[in-house]
file protein26.cif (mmCIF, C-alpha atoms and all ligand atoms)
data_coords
loop_
_atom_site.group_PDB
_atom_site.id
_atom_site.type_symbol
_atom_site.label_atom_id
_atom_site.label_comp_id
_atom_site.auth_asym_id
_atom_site.auth_seq_id
_atom_site.Cartn_x
_atom_site.Cartn_y
_atom_site.Cartn_z
ATOM 1 C CA MET J 75 0.828 1.936 7.289
ATOM 2 C CA PRO J 76 0.419 -1.515 8.870
ATOM 3 C CA GLU J 77 2.513 -4.362 7.533
ATOM 4 C CA GLY J 78 1.077 -6.315 4.637
ATOM 5 C CA THR J 79 1.034 -6.718 0.881
ATOM 6 C CA ILE J 80 0.839 -3.980 -1.743
ATOM 7 C CA ILE J 81 -0.200 -4.794 -5.314
ATOM 8 C CA VAL J 82 1.783 -2.849 -7.925
ATOM 9 C CA THR J 83 0.565 -3.070 -11.521
ATOM 10 C CA GLY J 84 3.004 -2.690 -14.419
ATOM 11 C CA ALA J 85 5.829 -3.630 -12.052
ATOM 12 C CA SER J 86 8.110 -5.522 -14.450
ATOM 13 C CA LYS J 87 10.088 -2.431 -15.508
ATOM 14 C CA GLY J 88 10.211 1.357 -15.512
ATOM 15 C CA ILE J 89 8.404 3.366 -12.848
ATOM 16 C CA GLY J 90 6.467 0.352 -11.539
ATOM 17 C CA ALA J 91 9.614 -1.712 -10.940
ATOM 18 C CA ALA J 92 11.205 1.228 -9.105
ATOM 19 C CA ILE J 93 8.073 1.668 -6.972
ATOM 20 C CA ALA J 94 8.068 -2.029 -6.061
ATOM 21 C CA ALA J 95 11.775 -1.883 -5.147
ATOM 22 C CA ASP J 96 11.274 1.194 -2.944
ATOM 23 C CA LEU J 97 8.264 -0.308 -1.153
ATOM 24 C CA ALA J 98 10.164 -3.578 -0.603
ATOM 25 C CA LYS J 99 12.992 -1.607 1.044
ATOM 26 C CA ARG J 100 10.402 -0.079 3.367
ATOM 27 C CA GLY J 101 9.337 -3.543 4.532
ATOM 28 C CA TYR J 102 6.180 -4.214 2.530
ATOM 29 C CA ASP J 103 5.452 -7.495 0.760
ATOM 30 C CA LEU J 104 4.916 -6.956 -2.954
ATOM 31 C CA ALA J 105 2.614 -8.527 -5.515
ATOM 32 C CA CYS J 106 4.051 -7.368 -8.846
ATOM 33 C CA LEU J 107 1.656 -7.600 -11.806
ATOM 34 C CA SER J 108 2.433 -7.273 -15.501
ATOM 35 C CA ARG J 109 1.722 -9.254 -18.656
ATOM 36 C CA SER J 110 5.128 -10.960 -18.444
ATOM 37 C CA GLY J 111 4.848 -11.535 -14.697
ATOM 38 C CA SER J 112 8.532 -10.836 -14.172
ATOM 39 C CA ALA J 113 9.470 -9.169 -10.894
ATOM 40 C CA SER J 114 12.751 -8.208 -9.239
ATOM 41 C CA VAL J 115 11.188 -8.049 -5.753
ATOM 42 C CA GLY J 116 8.242 -9.801 -4.105
ATOM 43 C CA SER J 117 6.055 -12.217 -6.058
ATOM 44 C CA GLY J 118 5.409 -11.812 -9.777
ATOM 45 C CA TYR J 119 1.990 -12.443 -11.348
ATOM 46 C CA ALA J 120 1.275 -12.557 -15.079
ATOM 47 C CA CYS J 121 -1.917 -10.529 -15.453
ATOM 48 C CA ASP J 122 -3.137 -8.378 -18.327
ATOM 49 C CA MET J 123 -4.878 -5.515 -16.527
ATOM 50 C CA THR J 124 -7.303 -5.076 -19.437
ATOM 51 C CA ASP J 125 -8.601 -8.635 -18.920
ATOM 52 C CA GLU J 126 -11.202 -8.201 -16.171
ATOM 53 C CA THR J 127 -11.533 -11.928 -15.478
ATOM 54 C CA ALA J 128 -7.767 -12.286 -15.084
ATOM 55 C CA VAL J 129 -7.676 -9.276 -12.741
ATOM 56 C CA LYS J 130 -10.444 -10.717 -10.544
ATOM 57 C CA GLU J 131 -8.749 -14.127 -10.352
ATOM 58 C CA THR J 132 -5.294 -12.685 -9.685
ATOM 59 C CA PHE J 133 -6.487 -10.288 -6.963
ATOM 60 C CA ALA J 134 -8.458 -13.099 -5.285
ATOM 61 C CA LYS J 135 -5.394 -15.354 -5.358
ATOM 62 C CA ILE J 136 -3.183 -12.650 -3.808
ATOM 63 C CA ALA J 137 -5.775 -11.783 -1.149
ATOM 64 C CA SER J 138 -6.254 -15.413 -0.146
ATOM 65 C CA GLY J 139 -2.633 -15.705 0.974
ATOM 66 C CA SER J 140 -1.897 -12.267 2.368
ATOM 67 C CA ARG J 141 -3.197 -9.176 4.123
ATOM 68 C CA LEU J 142 -3.660 -6.513 1.465
ATOM 69 C CA VAL J 143 -2.839 -2.960 2.592
ATOM 70 C CA GLY J 144 -2.488 -1.138 -0.698
ATOM 71 C CA LEU J 145 -2.627 -0.871 -4.474
ATOM 72 C CA VAL J 146 -0.491 1.124 -6.892
ATOM 73 C CA ASN J 147 -2.286 1.505 -10.224
ATOM 74 C CA ASN J 148 0.778 2.090 -12.399
ATOM 75 C CA ALA J 149 0.405 0.038 -15.615
ATOM 76 C CA GLY J 150 -0.061 2.404 -18.513
ATOM 77 C CA VAL J 151 0.402 2.825 -22.216
ATOM 78 C CA HIS J 152 1.173 5.851 -24.379
ATOM 79 C CA LEU J 153 -0.085 6.184 -27.913
ATOM 80 C CA GLY J 154 0.287 9.425 -29.830
ATOM 81 C CA GLY J 155 -1.195 10.544 -33.103
ATOM 82 C CA SER J 156 -3.162 13.388 -34.570
ATOM 83 C CA THR J 157 -6.766 13.641 -33.372
ATOM 84 C CA ALA J 158 -7.874 14.121 -36.982
ATOM 85 C CA THR J 159 -6.743 10.596 -37.834
ATOM 86 C CA LEU J 160 -7.005 8.885 -34.445
ATOM 87 C CA GLN J 161 -8.801 5.555 -34.753
ATOM 88 C CA THR J 162 -11.556 4.698 -32.279
ATOM 89 C CA ALA J 163 -9.795 1.413 -31.502
ATOM 90 C CA GLU J 164 -6.581 3.315 -30.655
ATOM 91 C CA PHE J 165 -8.470 5.632 -28.289
ATOM 92 C CA GLU J 166 -10.180 2.668 -26.629
ATOM 93 C CA LYS J 167 -6.896 0.801 -26.245
ATOM 94 C CA VAL J 168 -5.405 3.672 -24.240
ATOM 95 C CA MET J 169 -8.550 4.142 -22.155
ATOM 96 C CA ALA J 170 -8.811 0.397 -21.455
ATOM 97 C CA LEU J 171 -5.486 0.233 -19.630
ATOM 98 C CA ASN J 172 -4.973 3.806 -18.386
ATOM 99 C CA ALA J 173 -8.526 4.418 -17.153
ATOM 100 C CA THR J 174 -10.857 1.374 -17.122
ATOM 101 C CA ALA J 175 -8.244 -0.929 -15.545
ATOM 102 C CA VAL J 176 -7.650 1.643 -12.788
ATOM 103 C CA MET J 177 -11.340 1.479 -11.886
ATOM 104 C CA VAL J 178 -11.472 -2.328 -12.072
ATOM 105 C CA ALA J 179 -8.351 -2.778 -9.910
ATOM 106 C CA ALA J 180 -9.567 -0.294 -7.287
ATOM 107 C CA ARG J 181 -13.001 -1.906 -7.187
ATOM 108 C CA GLU J 182 -11.510 -5.384 -6.772
ATOM 109 C CA VAL J 183 -9.095 -4.362 -4.012
ATOM 110 C CA TYR J 184 -11.679 -2.303 -2.109
ATOM 111 C CA PRO J 185 -13.343 -5.158 -0.132
ATOM 112 C CA HIS J 186 -9.926 -6.253 1.132
ATOM 113 C CA LEU J 187 -8.787 -2.754 2.167
ATOM 114 C CA LYS J 188 -12.185 -1.960 3.662
ATOM 115 C CA ALA J 189 -11.584 -4.489 6.418
ATOM 116 C CA HIS J 190 -8.753 -2.476 7.978
ATOM 117 C CA GLY J 191 -8.096 0.654 5.888
ATOM 118 C CA GLY J 192 -5.304 1.145 3.391
ATOM 119 C CA MET J 193 -4.137 3.236 0.504
ATOM 120 C CA ILE J 194 -4.560 3.367 -3.253
ATOM 121 C CA ILE J 195 -2.062 5.347 -5.293
ATOM 122 C CA ASN J 196 -2.888 5.949 -8.935
ATOM 123 C CA ILE J 197 -0.095 6.946 -11.289
ATOM 124 C CA GLY J 198 -1.458 9.706 -13.501
ATOM 125 C CA SER J 199 0.482 12.248 -15.542
ATOM 126 C CA PHE J 200 0.967 16.007 -15.662
ATOM 127 C CA PHE J 201 -0.661 15.720 -19.099
ATOM 128 C CA ASP J 202 -3.957 15.537 -17.163
ATOM 129 C CA LYS J 203 -4.106 19.342 -17.075
ATOM 130 C CA LEU J 204 -2.418 20.189 -20.374
ATOM 131 C CA GLY J 205 -3.533 20.533 -23.970
ATOM 132 C CA VAL J 206 -0.858 18.552 -25.787
ATOM 133 C CA PRO J 207 -0.983 18.122 -29.562
ATOM 134 C CA ASP J 208 -1.189 14.522 -30.805
ATOM 135 C CA ASN J 209 -1.912 13.208 -27.294
ATOM 136 C CA LEU J 210 -5.701 13.333 -26.983
ATOM 137 C CA ALA J 211 -6.215 9.745 -25.802
ATOM 138 C CA TYR J 212 -3.368 9.832 -23.294
ATOM 139 C CA CYS J 213 -4.405 13.238 -21.876
ATOM 140 C CA ALA J 214 -8.044 12.109 -21.613
ATOM 141 C CA SER J 215 -7.078 8.875 -19.854
ATOM 142 C CA LYS J 216 -4.921 10.668 -17.275
ATOM 143 C CA ALA J 217 -7.592 13.318 -16.630
ATOM 144 C CA ALA J 218 -9.925 10.379 -15.944
ATOM 145 C CA VAL J 219 -7.425 9.037 -13.407
ATOM 146 C CA ALA J 220 -7.413 12.369 -11.544
ATOM 147 C CA ALA J 221 -11.232 12.446 -11.555
ATOM 148 C CA MET J 222 -11.550 8.822 -10.394
ATOM 149 C CA THR J 223 -9.061 9.518 -7.591
ATOM 150 C CA ARG J 224 -11.339 12.269 -6.255
ATOM 151 C CA CYS J 225 -14.476 10.087 -6.534
ATOM 152 C CA MET J 226 -12.890 7.053 -4.843
ATOM 153 C CA ALA J 227 -11.497 9.288 -2.083
ATOM 154 C CA VAL J 228 -14.895 10.659 -1.087
ATOM 155 C CA GLU J 229 -16.637 7.287 -1.367
ATOM 156 C CA TRP J 230 -14.075 5.375 0.696
ATOM 157 C CA ALA J 231 -12.910 7.919 3.288
ATOM 158 C CA ASP J 232 -15.254 6.396 5.895
ATOM 159 C CA ASP J 233 -13.531 3.040 5.332
ATOM 160 C CA GLY J 234 -10.155 4.510 6.258
ATOM 161 C CA ILE J 235 -8.918 4.276 2.672
ATOM 162 C CA SER J 236 -6.848 7.137 1.233
ATOM 163 C CA VAL J 237 -6.652 7.549 -2.536
ATOM 164 C CA VAL J 238 -3.935 9.723 -4.076
ATOM 165 C CA ASN J 239 -2.975 10.476 -7.683
ATOM 166 C CA ILE J 240 0.756 10.907 -8.252
ATOM 167 C CA ALA J 241 1.284 12.611 -11.601
ATOM 168 C CA PRO J 242 4.801 12.563 -13.078
ATOM 169 C CA GLY J 243 6.265 14.782 -15.764
ATOM 170 C CA TYR J 244 8.805 13.375 -18.237
ATOM 171 C CA ILE J 245 10.473 10.314 -16.702
ATOM 172 C CA GLU J 246 13.033 8.414 -18.741
ATOM 173 C CA THR J 247 11.694 4.858 -19.300
ATOM 174 C CA ASP J 248 10.979 2.507 -22.211
ATOM 175 C CA LEU J 249 7.724 4.440 -22.679
ATOM 176 C CA ASN J 250 9.596 7.473 -24.072
ATOM 177 C CA ARG J 251 13.338 6.688 -24.180
ATOM 178 C CA ASP J 252 13.649 7.221 -27.953
ATOM 179 C CA PHE J 253 11.727 10.507 -27.799
ATOM 180 C CA LEU J 254 13.765 11.877 -24.891
ATOM 181 C CA ALA J 255 17.068 10.869 -26.512
ATOM 182 C CA ARG J 256 16.573 13.244 -29.445
ATOM 183 C CA GLU J 257 18.966 16.201 -29.294
ATOM 184 C CA LYS J 258 16.153 18.614 -30.176
ATOM 185 C CA VAL J 259 14.023 17.276 -27.305
ATOM 186 C CA ARG J 260 16.961 17.565 -24.862
ATOM 187 C CA ARG J 261 17.427 21.228 -25.789
ATOM 188 C CA TRP J 262 13.669 21.842 -25.537
ATOM 189 C CA MET J 263 13.605 20.306 -22.057
ATOM 190 C CA GLU J 264 16.367 22.618 -20.871
ATOM 191 C CA THR J 265 14.188 25.591 -21.727
ATOM 192 C CA ARG J 266 10.820 24.183 -20.594
ATOM 193 C CA ILE J 267 11.601 22.196 -17.432
ATOM 194 C CA PRO J 268 12.813 24.404 -14.554
ATOM 195 C CA VAL J 269 15.115 21.601 -13.276
ATOM 196 C CA LYS J 270 16.374 21.188 -16.890
ATOM 197 C CA ARG J 271 16.169 17.376 -17.147
ATOM 198 C CA PRO J 272 13.689 14.515 -17.172
ATOM 199 C CA GLY J 273 13.030 12.782 -13.863
ATOM 200 C CA SER J 274 14.023 9.258 -12.896
ATOM 201 C CA SER J 275 11.808 6.327 -11.988
ATOM 202 C CA GLU J 276 13.510 6.277 -8.594
ATOM 203 C CA GLU J 277 12.397 9.855 -7.858
ATOM 204 C CA VAL J 278 8.752 8.926 -8.513
ATOM 205 C CA ALA J 279 9.221 5.744 -6.473
ATOM 206 C CA ARG J 280 10.592 7.675 -3.490
ATOM 207 C CA LEU J 281 7.502 9.892 -3.484
ATOM 208 C CA VAL J 282 5.136 6.914 -3.715
ATOM 209 C CA GLY J 283 7.070 5.090 -0.976
ATOM 210 C CA ALA J 284 7.017 8.132 1.304
ATOM 211 C CA VAL J 285 3.278 8.669 0.843
ATOM 212 C CA PHE J 286 2.654 5.005 1.701
ATOM 213 C CA ALA J 287 5.018 4.943 4.663
ATOM 214 C CA GLU J 288 3.907 8.241 6.207
ATOM 215 C CA ARG J 289 0.208 7.365 5.811
ATOM 216 C CA ILE J 290 -1.073 10.920 6.354
ATOM 217 C CA GLY J 291 -4.782 10.407 6.957
ATOM 218 C CA PHE J 292 -5.756 13.965 5.952
ATOM 219 C CA LEU J 293 -4.239 13.515 2.468
ATOM 220 C CA THR J 294 -6.772 12.045 0.048
ATOM 221 C CA GLY J 295 -8.332 12.739 -3.359
ATOM 222 C CA GLU J 296 -5.419 14.950 -4.329
ATOM 223 C CA THR J 297 -3.132 14.983 -7.361
ATOM 224 C CA ILE J 298 0.540 15.478 -6.496
ATOM 225 C CA TYR J 299 2.680 16.554 -9.460
ATOM 226 C CA ILE J 300 6.318 15.454 -9.722
ATOM 227 C CA ASP J 301 7.447 17.114 -12.942
ATOM 228 C CA GLY J 302 10.523 19.257 -12.242
ATOM 229 C CA GLY J 303 8.224 22.285 -12.183
ATOM 230 C CA GLN J 304 7.234 21.917 -15.852
ATOM 231 C CA GLY J 305 3.457 21.727 -15.487
ATOM 232 C CA MET J 306 3.014 25.054 -13.695
ATOM 233 C CA ASN J 307 4.794 26.882 -16.514
ATOM 234 C CA HIS J 308 3.483 25.013 -19.524
HETATM 235 P P1 LIG V 1 6.906 1.358 -19.232
HETATM 236 O O1 LIG V 1 6.435 1.193 -20.629
HETATM 237 O O2 LIG V 1 8.372 1.482 -18.964
HETATM 238 O O3 LIG V 1 6.350 0.149 -18.333
HETATM 239 C C1 LIG V 1 4.989 -0.208 -18.403
HETATM 240 C C2 LIG V 1 4.716 -1.341 -17.432
HETATM 241 O O4 LIG V 1 3.336 -1.699 -17.552
HETATM 242 C C3 LIG V 1 5.518 -2.597 -17.712
HETATM 243 O O5 LIG V 1 5.797 -3.257 -16.497
HETATM 244 C C4 LIG V 1 4.570 -3.440 -18.572
HETATM 245 O O6 LIG V 1 4.924 -4.807 -18.439
HETATM 246 C C5 LIG V 1 3.242 -3.082 -17.905
HETATM 247 N N1 LIG V 1 2.067 -3.246 -18.769
HETATM 248 C C6 LIG V 1 1.854 -2.757 -20.014
HETATM 249 N N2 LIG V 1 0.654 -3.130 -20.476
HETATM 250 C C7 LIG V 1 0.079 -3.891 -19.495
HETATM 251 C C8 LIG V 1 -1.150 -4.563 -19.360
HETATM 252 N N3 LIG V 1 -2.061 -4.559 -20.342
HETATM 253 N N4 LIG V 1 -1.390 -5.240 -18.217
HETATM 254 C C9 LIG V 1 -0.488 -5.274 -17.219
HETATM 255 N N5 LIG V 1 0.697 -4.640 -17.269
HETATM 256 C C10 LIG V 1 0.973 -3.961 -18.402
HETATM 257 O O7 LIG V 1 6.089 2.622 -18.647
HETATM 258 P P2 LIG V 1 6.496 3.702 -17.540
HETATM 259 O O8 LIG V 1 7.193 3.037 -16.411
HETATM 260 O O9 LIG V 1 7.136 4.854 -18.222
HETATM 261 O O10 LIG V 1 5.045 4.220 -17.099
HETATM 262 C C11 LIG V 1 4.408 3.745 -15.930
HETATM 263 C C12 LIG V 1 3.225 4.656 -15.637
HETATM 264 O O11 LIG V 1 3.675 5.994 -15.450
HETATM 265 C C13 LIG V 1 2.179 4.708 -16.747
HETATM 266 O O12 LIG V 1 0.881 4.768 -16.184
HETATM 267 C C14 LIG V 1 2.502 6.004 -17.463
HETATM 268 O O13 LIG V 1 1.391 6.539 -18.137
HETATM 269 C C15 LIG V 1 2.937 6.858 -16.282
HETATM 270 N N6 LIG V 1 3.731 8.013 -16.658
HETATM 271 C C16 LIG V 1 4.935 7.832 -17.292
HETATM 272 C C17 LIG V 1 5.674 8.939 -17.658
HETATM 273 C C18 LIG V 1 6.986 8.839 -18.359
HETATM 274 O O14 LIG V 1 7.506 9.883 -18.792
HETATM 275 N N7 LIG V 1 7.581 7.645 -18.475
HETATM 276 C C19 LIG V 1 5.204 10.305 -17.386
HETATM 277 C C20 LIG V 1 3.939 10.357 -16.696
HETATM 278 C C21 LIG V 1 3.244 9.246 -16.360
HETATM 279 P P3 LIG V 1 4.497 -5.932 -19.521
HETATM 280 O O15 LIG V 1 4.908 -5.410 -20.867
HETATM 281 O O16 LIG V 1 5.229 -7.163 -19.082
HETATM 282 O O17 LIG V 1 3.033 -6.076 -19.380
#
call {"tool": "encode", "arguments": {"input": "protein26.cif", "output": "C-alpha cells"}}
result
Amino acid sequence: MPEGTIIVTGASKGIGAAIAADLAKRGYDLACLSRSGSASVGSGYACDMTDETAVKETFAKIASGSRLVGLVNNAGVHLGGSTATLQTAEFEKVMALNATAVMVAAREVYPHLKAHGGMIINIGSFFDKLGVPDNLAYCASKAAVAAMTRCMAVEWADDGISVVNIAPGYIETDLNRDFLAREKVRRWMETRIPVKRPGSSEEVARLVGAVFAERIGFLTGETIYIDGGQGMNH
C-alpha cells in the first residue's frame, strides 16, 4: 500500500481506536472520525456518519490536504430487542449507521481512491450469517455490509480498489462490556467459542492492519471472520 491517509470511522474508542493505532504504527497518516472527534493518533474530526452533508464536507476537507489511500468503515451501533416489538425507528437507526453510512462513506471516498487505487475495509460482524434472537436489525445491517462489500468489489476492481469485509465475533468493548461481564455469559462463551474467550480490539486491528499493509490484489469482495471459531459451529 502506498503511503498516504486512511480514514477510520468510529475511531474514538473500541475497535476503531485500536485499528487507527495499528495503522499509525505501520506508517499511515490517520483521519479519525467520530461524533466526539477525539483521537489518540492522527487527526480527529467530529463527524456524525449518519449526517450525509457532514460526511461529504469532512471527506472533502480531508482529501484537500492529503492523499487518500484507504477507508475503514467501522462506526457501528448495536440495538437489541424482540422483533415482535421492534419499532420502525429503532430498525432505521441501526440501518442508518451500520449500512447506509457504509455506502455513503465508500461512495464519497471512491473518486479519491480511483485516482491511484486503494482499499476499503468494512467492519461487519459474524452475526451476518446467523439467526440470533432479539438481534434482527443488527443482523440485517451486517448482512447488508457483506453484500455491499461484494458489490463494491466488482464495480471498483478495474480502478485498483480492493474491498474487504472483516467480520468479528464477540470483542470486548463499550458496545457489549456489560453483557460479556455476566457470569452466565462467560460460562456460555467457554462452551460456544472454541478459543473460550471474547477477542480483543487489538486482535481485530492487527488483522485490518495486515490486510492493508500486505495489499494482496487478488483479495477482494470477501468476508473474513475473526471470531475465535464461533461462527462455524453456531
Ligand atoms: P464502540 O461502541 O466501542 O465504539 C463505537 C465507535 O463509533 C465510537 O468511536 C463512537 O464514537 C463511534 N460512533 C458511534 N456512532 C457514531 C456516528 N453516528 N457517527 C460517527 N461515529 C459514531 O463499538 P465497537 O468498537 O465495539 O464496534 C466497532 C464496530 O465493530 C461496529 O461496526 C460493530 O458493529 C462492530 N463489531 C463489534 C463487535 C463487538 O463485539 N464489539 C462484534 C462484531 C462487530 P462517538 O460516540 O464519539 O461517536
call {"tool": "residues_near_ligand", "arguments": {"input": "protein26.cif", "ligand": "ligand LIG 1 (chain V)", "cutoff": "7 Å", "atoms": "all atoms listed in the file", "output": "mmCIF file with C-alpha atoms, in the coordinates of the input"}}
result
data_model
loop_
_atom_site.group_PDB
_atom_site.id
_atom_site.type_symbol
_atom_site.label_atom_id
_atom_site.label_comp_id
_atom_site.auth_asym_id
_atom_site.auth_seq_id
_atom_site.Cartn_x
_atom_site.Cartn_y
_atom_site.Cartn_z
ATOM 1 C CA THR J 83 0.565 -3.070 -11.521
ATOM 2 C CA GLY J 84 3.004 -2.690 -14.419
ATOM 3 C CA ALA J 85 5.829 -3.630 -12.052
ATOM 4 C CA SER J 86 8.110 -5.522 -14.450
ATOM 5 C CA LYS J 87 10.088 -2.431 -15.508
ATOM 6 C CA GLY J 88 10.211 1.357 -15.512
ATOM 7 C CA ILE J 89 8.404 3.366 -12.848
ATOM 8 C CA GLY J 90 6.467 0.352 -11.539
ATOM 9 C CA ALA J 91 9.614 -1.712 -10.940
ATOM 10 C CA LEU J 107 1.656 -7.600 -11.806
ATOM 11 C CA SER J 108 2.433 -7.273 -15.501
ATOM 12 C CA ARG J 109 1.722 -9.254 -18.656
ATOM 13 C CA SER J 110 5.128 -10.960 -18.444
ATOM 14 C CA GLY J 111 4.848 -11.535 -14.697
ATOM 15 C CA SER J 112 8.532 -10.836 -14.172
ATOM 16 C CA CYS J 121 -1.917 -10.529 -15.453
ATOM 17 C CA ASP J 122 -3.137 -8.378 -18.327
ATOM 18 C CA MET J 123 -4.878 -5.515 -16.527
ATOM 19 C CA THR J 124 -7.303 -5.076 -19.437
ATOM 20 C CA ASN J 148 0.778 2.090 -12.399
ATOM 21 C CA ALA J 149 0.405 0.038 -15.615
ATOM 22 C CA GLY J 150 -0.061 2.404 -18.513
ATOM 23 C CA VAL J 151 0.402 2.825 -22.216
ATOM 24 C CA HIS J 152 1.173 5.851 -24.379
ATOM 25 C CA LEU J 171 -5.486 0.233 -19.630
ATOM 26 C CA ASN J 172 -4.973 3.806 -18.386
ATOM 27 C CA ILE J 197 -0.095 6.946 -11.289
ATOM 28 C CA GLY J 198 -1.458 9.706 -13.501
ATOM 29 C CA SER J 199 0.482 12.248 -15.542
ATOM 30 C CA PHE J 200 0.967 16.007 -15.662
ATOM 31 C CA ALA J 241 1.284 12.611 -11.601
ATOM 32 C CA PRO J 242 4.801 12.563 -13.078
ATOM 33 C CA GLY J 243 6.265 14.782 -15.764
ATOM 34 C CA TYR J 244 8.805 13.375 -18.237
ATOM 35 C CA ILE J 245 10.473 10.314 -16.702
ATOM 36 C CA GLU J 246 13.033 8.414 -18.741
ATOM 37 C CA THR J 247 11.694 4.858 -19.300
ATOM 38 C CA ASP J 248 10.979 2.507 -22.211
ATOM 39 C CA LEU J 249 7.724 4.440 -22.679
ATOM 40 C CA ASN J 250 9.596 7.473 -24.072
#
call {"tool": "closest_atom_pairs", "arguments": {"input": "protein26.cif", "of": "segment 136-201 of chain J", "to": "segment 227-238 of chain J", "cutoff": "10 Å", "atoms": "only C-alpha atoms", "output": "CSV"}}
result
residue,atom,partner,partner_atom,distance
J:Val143,CA,J:Ile235,CA,9.5
J:Gly144,CA,J:Ile235,CA,9.1
J:Leu145,CA,J:Val237,CA,9.5
J:Val146,CA,J:Val238,CA,9.7
J:Ala180,CA,J:Val237,CA,9.6
J:Tyr184,CA,J:Trp230,CA,8.5
J:Pro185,CA,J:Asp233,CA,9.9
J:Leu187,CA,J:Ile235,CA,7.0
J:Lys188,CA,J:Asp233,CA,5.4
J:Ala189,CA,J:Asp233,CA,7.9
J:His190,CA,J:Gly234,CA,7.3
J:Gly191,CA,J:Gly234,CA,4.4
J:Gly192,CA,J:Ile235,CA,4.8
J:Met193,CA,J:Ser236,CA,4.8
J:Ile194,CA,J:Val237,CA,4.7
J:Ile195,CA,J:Val238,CA,4.9
J:Asn196,CA,J:Val238,CA,6.2
J:Ile197,CA,J:Val238,CA,8.6
J:Gly198,CA,J:Val238,CA,9.7
call {"tool": "closest_residue", "arguments": {"input": "protein26.cif", "among": "J:Leu204, J:Ala211, J:Ala128, J:Ala92", "to": "Val282 of chain J", "atoms": "only C-alpha atoms"}}
result
J:Ala92
call {"tool": "resolve_selection", "arguments": {"input": "protein26.cif", "expression": "the PyMOL selection byres (((chain J and resi 97) around 9) and not hetatm)", "output": "list in words"}}
result
Ile80, Ala92, Ile93, Ala94, Ala95, Asp96, Ala98, Lys99, Arg100, Gly101, Tyr102, Asp103, Leu104, Ala279, Arg280, Val282, Gly283, Ala284, Phe286 and Ala287 of chain J
call {"tool": "resolve_selection", "arguments": {"input": "protein26.cif", "expression": "the PyMOL selection byres (((chain J and resi 304) around 8) and not hetatm)", "output": "ChimeraX atom specification"}}
result
/J:243,266-268,301-303,305-308
call {"tool": "closest_residue", "arguments": {"input": "protein26.cif", "among": "J:Cys213, J:Val259, J:Val176, J:Ala163", "to": "Glu126 of chain J", "atoms": "all atoms listed in the file"}}
result
J:Val176
call {"tool": "atom_distance", "arguments": {"input": "protein26.cif", "atom1": "atom CA of Ala173 of chain J", "atom2": "atom CA of Gly139 of chain J"}}
result
27.7 Å
call {"tool": "decode", "arguments": {"input": "protein26.cif", "residues": "segment 245-288 of chain J", "atoms": "C-alpha atoms", "output": "short mmCIF file (atom, residue, chain, number, x, y, z; two decimals), in the first residue's frame"}}
result
data_model
loop_
_atom_site.label_atom_id
_atom_site.label_comp_id
_atom_site.auth_asym_id
_atom_site.auth_seq_id
_atom_site.Cartn_x
_atom_site.Cartn_y
_atom_site.Cartn_z
CA ILE J 245 -14.96 -8.42 21.08
CA GLU J 246 -14.91 -6.79 24.49
CA THR J 247 -15.70 -3.06 24.04
CA ASP J 248 -18.18 -0.49 25.36
CA LEU J 249 -20.66 -1.92 22.84
CA ASN J 250 -21.09 -5.11 24.90
CA ARG J 251 -18.94 -4.85 28.06
CA ASP J 252 -21.88 -5.23 30.46
CA PHE J 253 -23.26 -8.22 28.54
CA LEU J 254 -19.91 -10.01 28.38
CA ALA J 255 -19.20 -9.39 32.08
CA ARG J 256 -22.16 -11.52 33.19
CA GLU J 257 -21.03 -14.79 34.78
CA LYS J 258 -23.65 -16.74 32.82
CA VAL J 259 -22.38 -15.26 29.54
CA ARG J 260 -18.75 -16.08 30.46
CA ARG J 261 -19.68 -19.72 31.07
CA TRP J 262 -21.71 -19.82 27.83
CA MET J 263 -18.73 -18.47 25.88
CA GLU J 264 -16.47 -21.20 27.23
CA THR J 265 -18.78 -23.79 25.72
CA ARG J 266 -19.62 -21.98 22.45
CA ILE J 267 -16.36 -20.29 21.41
CA PRO J 268 -13.61 -22.79 20.52
CA VAL J 269 -10.91 -20.40 21.87
CA LYS J 270 -13.07 -19.99 25.03
CA ARG J 271 -12.93 -16.18 25.34
CA PRO J 272 -14.01 -13.00 23.59
CA GLY J 273 -11.50 -11.36 21.28
CA SER J 274 -9.71 -8.06 21.81
CA SER J 275 -9.88 -4.90 19.74
CA GLU J 276 -6.15 -5.26 19.14
CA GLU J 277 -6.63 -8.68 17.51
CA VAL J 278 -9.13 -7.22 15.03
CA ALA J 279 -6.82 -4.24 14.48
CA ARG J 280 -3.85 -6.50 13.69
CA LEU J 281 -5.89 -8.26 11.00
CA VAL J 282 -7.07 -4.97 9.48
CA GLY J 283 -3.51 -3.57 9.60
CA ALA J 284 -2.07 -6.69 7.97
CA VAL J 285 -4.65 -6.67 5.17
CA PHE J 286 -3.86 -3.01 4.47
CA ALA J 287 -0.10 -3.43 4.66
CA GLU J 288 0.11 -6.61 2.59
#
